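See below for protein-v1.txt, which holds compact mmCIF, C-alpha atoms.
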```txt
# COMPACT_ATOMS: atom_id res chain seq x y z
CA MET P 5 93.05 174.07 163.51
CA PRO P 6 91.53 177.24 165.01
CA LYS P 7 87.83 177.86 164.68
CA THR P 8 86.99 180.18 161.81
CA ASP P 9 83.21 180.02 161.71
CA TYR P 10 82.50 182.62 164.37
CA GLN P 11 78.82 183.41 164.91
CA ASN P 12 79.34 186.49 167.09
CA VAL P 13 81.98 188.78 168.56
CA GLU P 14 82.08 186.89 171.85
CA GLU P 15 82.99 183.64 170.06
CA TYR P 16 85.79 185.45 168.25
CA HIS P 17 87.11 186.93 171.49
CA GLN P 18 86.99 183.59 173.31
CA SER P 19 89.37 182.11 170.76
CA PHE P 20 92.09 184.29 172.35
CA SER P 21 93.48 184.56 175.86
CA GLY P 22 95.72 186.67 178.04
CA GLU P 23 96.89 190.07 176.85
CA THR P 24 95.44 189.59 173.35
CA LEU P 25 91.96 188.96 174.76
CA SER P 26 92.34 191.98 177.05
CA ARG P 27 93.27 194.22 174.10
CA LEU P 28 90.30 192.95 172.07
CA GLU P 29 87.98 193.66 175.00
CA ILE P 30 89.38 197.19 175.31
CA ILE P 31 88.64 197.88 171.64
CA LYS P 32 85.14 196.45 171.97
CA SER P 33 84.56 198.64 175.05
CA ILE P 34 85.79 201.74 173.21
CA ILE P 35 83.42 201.06 170.31
CA ASN P 36 80.48 200.56 172.68
CA GLN P 37 81.30 203.82 174.50
CA VAL P 38 81.88 205.98 171.42
CA ALA P 39 79.26 204.43 169.16
CA PRO P 40 76.62 202.71 171.32
CA ASP P 41 74.19 202.80 168.40
CA THR P 42 76.24 200.28 166.41
CA VAL P 43 75.44 196.60 165.98
CA ALA P 44 78.19 194.02 166.49
CA VAL P 45 78.46 191.44 163.72
CA ILE P 46 80.99 189.04 162.28
CA SER P 47 82.13 189.96 158.77
CA TYR P 48 85.02 188.25 156.99
CA GLN P 49 85.26 186.13 160.18
CA ILE P 50 86.32 189.10 162.32
CA PRO P 51 84.36 191.50 164.54
CA ALA P 52 82.74 194.43 162.76
CA TYR P 53 80.36 197.12 163.92
CA LYS P 54 77.57 198.36 161.68
CA LEU P 55 76.15 201.85 161.88
CA GLY P 56 72.74 201.86 160.28
CA ALA P 57 71.86 199.46 157.51
CA LYS P 58 74.73 200.13 155.11
CA HIS P 59 77.80 201.41 156.95
CA TYR P 60 80.49 199.33 158.58
CA LEU P 61 82.00 201.67 161.13
CA ILE P 62 85.03 199.54 161.94
CA TYR P 63 86.48 196.04 161.91
CA TYR P 64 89.17 194.68 164.20
CA ALA P 65 91.25 191.54 164.46
CA ALA P 66 94.03 190.00 166.49
CA PHE P 67 97.23 188.61 165.02
CA LYS P 68 100.38 187.13 166.53
CA ASN P 69 102.25 190.44 166.74
CA HIS P 70 99.56 193.11 166.49
CA ILE P 71 95.93 194.13 166.70
CA THR P 72 94.47 195.69 163.58
CA ILE P 73 91.56 198.06 163.23
CA SER P 74 90.31 198.35 159.72
CA SER P 75 87.86 200.05 157.46
CA PRO P 76 88.18 201.66 154.08
CA TRP P 77 89.88 204.73 155.61
CA SER P 78 89.14 208.01 153.91
CA THR P 79 91.92 210.29 152.78
CA ALA P 80 90.51 212.84 155.23
CA LEU P 81 90.85 210.43 158.17
CA LEU P 82 94.40 209.46 157.27
CA LYS P 83 95.37 213.12 156.88
CA HIS P 84 93.64 214.16 160.11
CA PHE P 85 95.53 211.54 162.16
CA GLU P 86 98.75 211.67 160.14
CA THR P 87 100.97 212.63 163.06
CA GLU P 88 99.53 210.04 165.45
CA LEU P 89 99.71 207.31 162.81
CA SER P 90 103.26 208.07 161.67
CA ALA P 91 104.84 205.52 164.04
CA LEU P 92 102.38 202.76 163.07
CA LYS P 93 102.01 200.46 160.07
CA VAL P 94 99.10 201.94 158.10
CA SER P 95 97.45 201.15 154.79
CA LYS P 96 94.33 202.47 153.07
CA SER P 97 92.30 199.93 155.01
CA ALA P 98 94.21 198.91 158.14
CA ILE P 99 96.05 200.34 161.13
CA GLN P 100 98.27 197.97 163.10
CA PHE P 101 98.94 198.37 166.83
CA PRO P 102 101.97 196.27 167.86
CA ASN P 103 101.34 193.96 170.80
CA ASN P 104 104.61 195.01 172.43
CA LYS P 105 103.40 198.61 172.89
CA PRO P 106 100.50 200.03 174.89
CA LEU P 107 97.20 200.21 173.05
CA PRO P 108 96.61 203.90 172.15
CA VAL P 109 93.11 204.14 173.63
CA ALA P 110 92.62 207.87 172.99
CA LEU P 111 93.69 207.51 169.35
CA ILE P 112 91.31 204.60 168.81
CA GLN P 113 88.48 206.59 170.42
CA ASN P 114 89.18 209.55 168.15
CA ILE P 115 89.40 207.41 165.02
CA ILE P 116 86.04 205.83 165.81
CA ARG P 117 84.48 209.25 166.47
CA PHE P 118 85.85 210.49 163.14
CA ARG P 119 84.56 207.40 161.27
CA LYS P 120 81.15 207.75 162.91
CA ALA P 121 80.91 211.38 161.83
CA GLU P 122 81.91 210.38 158.28
CA CYS P 123 79.30 207.64 158.13
CA LEU P 124 76.57 209.91 159.47
CA SER P 125 77.57 212.67 157.08
CA VAL P 126 77.23 210.33 154.09
CA GLU P 127 73.84 209.16 155.40
CA THR P 128 72.46 212.71 155.75
CA LYS P 129 73.57 213.61 152.20
CA LYS P 130 71.37 210.89 150.73
```
With the file now loaded, output its structure as structure tokens.
Amino acid sequence: MPKTDYQNVEEYHQSFSGETLSRLEIIKSIINQVAPDTVAVISYQIPAYKLGAKHYLIYYAAFKNHITISSPWSTALLKHFETELSALKVSKSAIQFPNNKPLPVALIQNIIRFRKAECLSVETKK
């Protein structure tokens, strides 16, 4: 039975190997580049990055056939990236990147930038 009581992002990552681990590390690196002011945590037993005290910027997880980034996506975000997301499986809270295709690094960077701006905008309105 796989471990499901992860205490930190590194423990989560170390439960994977090969290409899956590499893809997880790429996503982690993107988050750290685009949003260095976030704090890595485990939430729902997957990696999550908090921005400030109340906002979860993004979650991500590995599955057999895909990597998912997730958050409660805003309608604005989904509309803004509609063209780029059209070839992917997308819901109101998750975007799946198939493991048999290259990870769209630029798209992930832009989604995280957009989410960060949304979170900061909400914070400044309070």
Residues at most 12 Å from Ala57 (chain P), counting all atoms listed in the file, excluding those fewer than 2 positions away in the same chain, as a compact mmCIF listing (two decimals) with C-alpha atoms, in the coordinates of the input?
```txt
# COMPACT_ATOMS: atom_id res chain seq x y z
CA ASP P 41 74.19 202.80 168.40
CA THR P 42 76.24 200.28 166.41
CA VAL P 43 75.44 196.60 165.98
CA TYR P 53 80.36 197.12 163.92
CA LYS P 54 77.57 198.36 161.68
CA LEU P 55 76.15 201.85 161.88
CA HIS P 59 77.80 201.41 156.95
CA TYR P 60 80.49 199.33 158.58
CA LEU P 61 82.00 201.67 161.13
CA CYS P 123 79.30 207.64 158.13
CA LEU P 124 76.57 209.91 159.47
CA GLU P 127 73.84 209.16 155.40
```
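Residue nearest Ile62 (chain P), chosen from P:Val126, P:Val38, P:Ile99, P:Ile116 and counting all atoms listed in the file: P:Ile116.
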For Lys68 (chain P), the nearest of the candidates P:Phe101, P:Lys83, P:Glu15, P:Ala39, counting only C-alpha atoms: P:Phe101
Nearby residues, (88.6, 184.6, 172.6) file frame, 12 Å, all atoms listed in the file, as an MDAnalysis selection string: chainID P and resid 6:8 10 12:29 50:51 65:66
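Put simply, CA of Leu82 (chain P) is 16.0 Å away from CA of Pro108 (chain P).
Of note, CA of Gln100 (chain P) and CA of Ile71 (chain P) are spaced 5.8 Å apart.
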List as a tab-separated table every residue of region 7-58 of chain P that is in contact with region 109-112 of chain P, defined as an atom at most 9 Å from one of its atoms (using all atoms listed in the file), together with the nearest atom pair and the distance in Å rounded to one decimal, sorted by chain and then rising number.
```
residue	atom	partner	partner_atom	distance
P:Ile30	CA	P:Val109	CA	8.1
P:Ile31	CA	P:Ile112	CA	7.8
P:Ile34	CA	P:Ile112	CA	7.6
P:Ile35	CA	P:Ile112	CA	8.8
```
Can you sort out the box for region 107-111 of chain P, edges along x, y and z, all listed atoms in, 4 Å on every side, with centre and edge lengths in Å to one decimal, as lines of an AutoDock Vina configuration file?
```
center_x = 94.9
center_y = 204.0
center_z = 171.5
size_x = 12.6
size_y = 15.7
size_z = 12.3
```
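Proximity of P:Ser95, P:Asn103, P:Thr87, P:Asn36 to Phe67 (chain P), computed with all atoms listed in the file, is greatest for P:Asn103.
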